[in-house]
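Novice: Here you go, one structure.
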Amino acid sequence: LIYILFIKQKTMKTQDLSNLVKQAACLLLISHKVNQKDENNNFKLLPTLYPEDALEPYISKKTVEFHYGKHLAGYIQTTNNLKADTEYKDLSIEEIMLQADGKLFNNAAQVYNHYFQFEALHAPKKDNAPEGKIKKNIEGTFGNLDTFKQKFAEAATTLFGSGYVWLLASADGKLELVQTKNAENPLTAGKTPVLNLDVWEHAYYLDVQNLRAKYVENFWNIVDWEKVNKRLECIK
């Protein structure tokens with residue numbers, strides 16, 4: 001089942017919010033680095049997590065330069081500008097994403113969403129395939145890897161406009177695929193993502209132009225399944 005997750009911001013109980021923030025920080029494996037601030041209390045763009053050409057030929061150096069170095073940097077700068085002198089100024093990126101709305105939510109969520117994708121990629125690997133717990137969960141939910149990839153590609157290519165495809169996990173080992181629009185993140189609906197794919201055009205247009213399906217096909221060569229398994233450890 002693939003569905004669009006329409007997320008409406010809701011006021012959460014303090015304990016629920018605290019638990020969700022901890023979960024979000026656990027799932028973003030580099031959260032502690034992402035939340036380190038400079039002397040002006042601003043978030044900083046981290047150095048690229050691998051050489052800019054490490055994902056070639058599936059994602060080009062130029063795309064990483066623009067997607068990570070320009071788009072992500074822009075979301076960070078705008079988040080810093082919008083949080084200044086507000087109740088959010090001292091909060092983590094997860095806390096802002098889970099509490100703010102409007103422009104501040106959009107930009108903070110995009111910071112989280114982008115780091116979430118980039119940290120779960122690695123240099124192309126021959127016969128790159130899931131192993132361990134995520135392999136077991138994929139087979140238990142979808143039957144086999146090919147069916148999972150087909151369903152994932154369907155979700156990615158049928159999402160109209162900009163947004164993300166997410167693989168969600170639960171404590172019982174079941175997985176599900178959802179689409180979200182724009183900057184929305186399933187964590188704000190109490191869901192637990194372990195993998196995502198950005199289908200905003202800036203994520204792939206320099207490499208494959210309008211061929212989103214090719215972008216999805218290329219994605220499987222560079223997914224870091226070890227990181228996905230580490231995220232599964234956050235689910236209790």
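In the structure tokens, the first chain shown is A, the next is B, and so on; residue numbers restart at 1 for each chain, and ligands run from 1 in the order shown.
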Could you list, as a list in words, every residue within 7 Å of segment 39-48 of chain A, counting only C-alpha atoms and ignoring same-chain residues fewer than 6 positions away?
Specialist: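 These residues fall inside the cut-off: Ala73, Ile76 and Asn80 of chain A.
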Novice: Deliver the residues from the most recent selection as a file, using N, CA and C atoms, as a PDB file, in the first residue's frame.
Specialist:
```pdb
ATOM      1  N   ALA A  73      22.386  24.343   2.069  1.00  0.00           N
ATOM      2  CA  ALA A  73      22.955  25.529   2.723  1.00  0.00           C
ATOM      3  C   ALA A  73      21.920  26.641   2.823  1.00  0.00           C
ATOM      4  N   ILE A  76      19.467  25.943   5.618  1.00  0.00           N
ATOM      5  CA  ILE A  76      20.097  26.204   6.918  1.00  0.00           C
ATOM      6  C   ILE A  76      20.122  27.695   7.210  1.00  0.00           C
ATOM      7  N   ASN A  80      18.157  29.702  10.230  1.00  0.00           N
ATOM      8  CA  ASN A  80      18.846  30.588  11.174  1.00  0.00           C
ATOM      9  C   ASN A  80      18.194  31.965  11.214  1.00  0.00           C
TER      10      ASN A  80
END
```
Novice: Which residues are near segment 176-179 of chain A? Cut-off 10 Å, only C-alpha atoms, ignore same chain within fewer than 3 positions. Put them as a PyMOL selection string.
Specialist: chain A and resi 1-6+138+141-142+148+151-152+155-156+158-160+163-170+182+184-186+192-193+195-197+199
Novice: Can you measure atom CA of Glu154 of chain A to atom CA of Trp220 of chain A for me? One decimal in Å is fine.
Specialist: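 Atom CA of Glu154 of chain A sits 14.2 Å away from atom CA of Trp220 of chain A.
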Novice: What is the distance between atom CA of Gly161 of chain A and atom CA of Ala203 of chain A, in Å to one decimal?
Specialist: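 It comes out at 12.7 Å.
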Novice: Neighbouring residues of segment 223-229 of chain A were defined as those with any atom within 12 Å, considering only C-alpha atoms; residues of the same chain fewer than 2 positions away were excluded. Please report them as a ChimeraX atom specification.
Specialist: /A:26-30,55,58-59,116-138,166-169,173,192-197,216-221,231-235
Novice: Just list as a PyMOL selection string whatever in segment 5-235 of chain A DSSP marks as strand (DSSP E).
Specialist: chain A and resi 163-169+175-181+193-198
Novice: Those residues you just picked out, can you put them in a file as a PDB file, in the first residue's frame with N, CA and C atoms?
Specialist:
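result.pdb, written as the output of this step:
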```
ATOM      1  N   GLY A 163       8.379  16.652  -3.375  1.00  0.00           N
ATOM      2  CA  GLY A 163       8.192  15.965  -2.116  1.00  0.00           C
ATOM      3  C   GLY A 163       9.175  14.837  -1.931  1.00  0.00           C
ATOM      4  N   TYR A 164       8.775  13.844  -1.150  1.00  0.00           N
ATOM      5  CA  TYR A 164       9.648  12.739  -0.782  1.00  0.00           C
ATOM      6  C   TYR A 164       8.879  11.421  -0.784  1.00  0.00           C
ATOM      7  N   VAL A 165       9.618  10.352  -0.996  1.00  0.00           N
ATOM      8  CA  VAL A 165       9.121   9.009  -0.721  1.00  0.00           C
ATOM      9  C   VAL A 165       9.873   8.513   0.511  1.00  0.00           C
ATOM     10  N   TRP A 166       9.142   7.904   1.420  1.00  0.00           N
ATOM     11  CA  TRP A 166       9.723   7.438   2.688  1.00  0.00           C
ATOM     12  C   TRP A 166       9.416   5.963   2.885  1.00  0.00           C
ATOM     13  N   LEU A 167      10.404   5.252   3.406  1.00  0.00           N
ATOM     14  CA  LEU A 167      10.185   3.899   3.903  1.00  0.00           C
ATOM     15  C   LEU A 167      10.037   4.007   5.411  1.00  0.00           C
ATOM     16  N   LEU A 168       8.879   3.585   5.916  1.00  0.00           N
ATOM     17  CA  LEU A 168       8.592   3.661   7.342  1.00  0.00           C
ATOM     18  C   LEU A 168       8.690   2.277   7.963  1.00  0.00           C
ATOM     19  N   ALA A 169       9.080   2.245   9.224  1.00  0.00           N
ATOM     20  CA  ALA A 169       9.223   0.967   9.926  1.00  0.00           C
ATOM     21  C   ALA A 169       8.480   1.025  11.254  1.00  0.00           C
ATOM     22  N   LEU A 175       6.908  -2.817   7.297  1.00  0.00           N
ATOM     23  CA  LEU A 175       7.341  -1.615   6.602  1.00  0.00           C
ATOM     24  C   LEU A 175       6.179  -1.061   5.783  1.00  0.00           C
ATOM     25  N   GLU A 176       6.246   0.220   5.473  1.00  0.00           N
ATOM     26  CA  GLU A 176       5.269   0.810   4.570  1.00  0.00           C
ATOM     27  C   GLU A 176       5.921   1.957   3.807  1.00  0.00           C
ATOM     28  N   LEU A 177       5.366   2.242   2.644  1.00  0.00           N
ATOM     29  CA  LEU A 177       5.849   3.333   1.803  1.00  0.00           C
ATOM     30  C   LEU A 177       4.831   4.456   1.810  1.00  0.00           C
ATOM     31  N   VAL A 178       5.320   5.684   1.995  1.00  0.00           N
ATOM     32  CA  VAL A 178       4.426   6.834   1.923  1.00  0.00           C
ATOM     33  C   VAL A 178       5.071   7.936   1.083  1.00  0.00           C
ATOM     34  N   GLN A 179       4.218   8.762   0.513  1.00  0.00           N
ATOM     35  CA  GLN A 179       4.643   9.976  -0.179  1.00  0.00           C
ATOM     36  C   GLN A 179       4.303  11.166   0.718  1.00  0.00           C
ATOM     37  N   THR A 180       5.187  12.150   0.746  1.00  0.00           N
ATOM     38  CA  THR A 180       4.849  13.407   1.413  1.00  0.00           C
ATOM     39  C   THR A 180       5.107  14.551   0.449  1.00  0.00           C
ATOM     40  N   LYS A 181       4.339  15.606   0.609  1.00  0.00           N
ATOM     41  CA  LYS A 181       4.461  16.765  -0.256  1.00  0.00           C
ATOM     42  C   LYS A 181       5.454  17.769   0.326  1.00  0.00           C
ATOM     43  N   PRO A 193      10.544   6.982   9.959  1.00  0.00           N
ATOM     44  CA  PRO A 193      11.215   6.759   8.681  1.00  0.00           C
ATOM     45  C   PRO A 193      12.603   6.152   8.864  1.00  0.00           C
ATOM     46  N   VAL A 194      12.985   5.282   7.926  1.00  0.00           N
ATOM     47  CA  VAL A 194      14.340   4.725   7.948  1.00  0.00           C
ATOM     48  C   VAL A 194      15.080   4.954   6.628  1.00  0.00           C
ATOM     49  N   LEU A 195      14.366   5.436   5.605  1.00  0.00           N
ATOM     50  CA  LEU A 195      14.982   5.716   4.309  1.00  0.00           C
ATOM     51  C   LEU A 195      14.090   6.709   3.587  1.00  0.00           C
ATOM     52  N   ASN A 196      14.711   7.642   2.842  1.00  0.00           N
ATOM     53  CA  ASN A 196      13.903   8.569   2.056  1.00  0.00           C
ATOM     54  C   ASN A 196      14.569   8.848   0.717  1.00  0.00           C
ATOM     55  N   LEU A 197      13.775   9.375  -0.205  1.00  0.00           N
ATOM     56  CA  LEU A 197      14.284   9.813  -1.495  1.00  0.00           C
ATOM     57  C   LEU A 197      13.621  11.132  -1.851  1.00  0.00           C
ATOM     58  N   ASP A 198      14.441  12.126  -2.077  1.00  0.00           N
ATOM     59  CA  ASP A 198      14.010  13.471  -2.464  1.00  0.00           C
ATOM     60  C   ASP A 198      13.639  13.459  -3.939  1.00  0.00           C
TER      61      ASP A 198
END
```
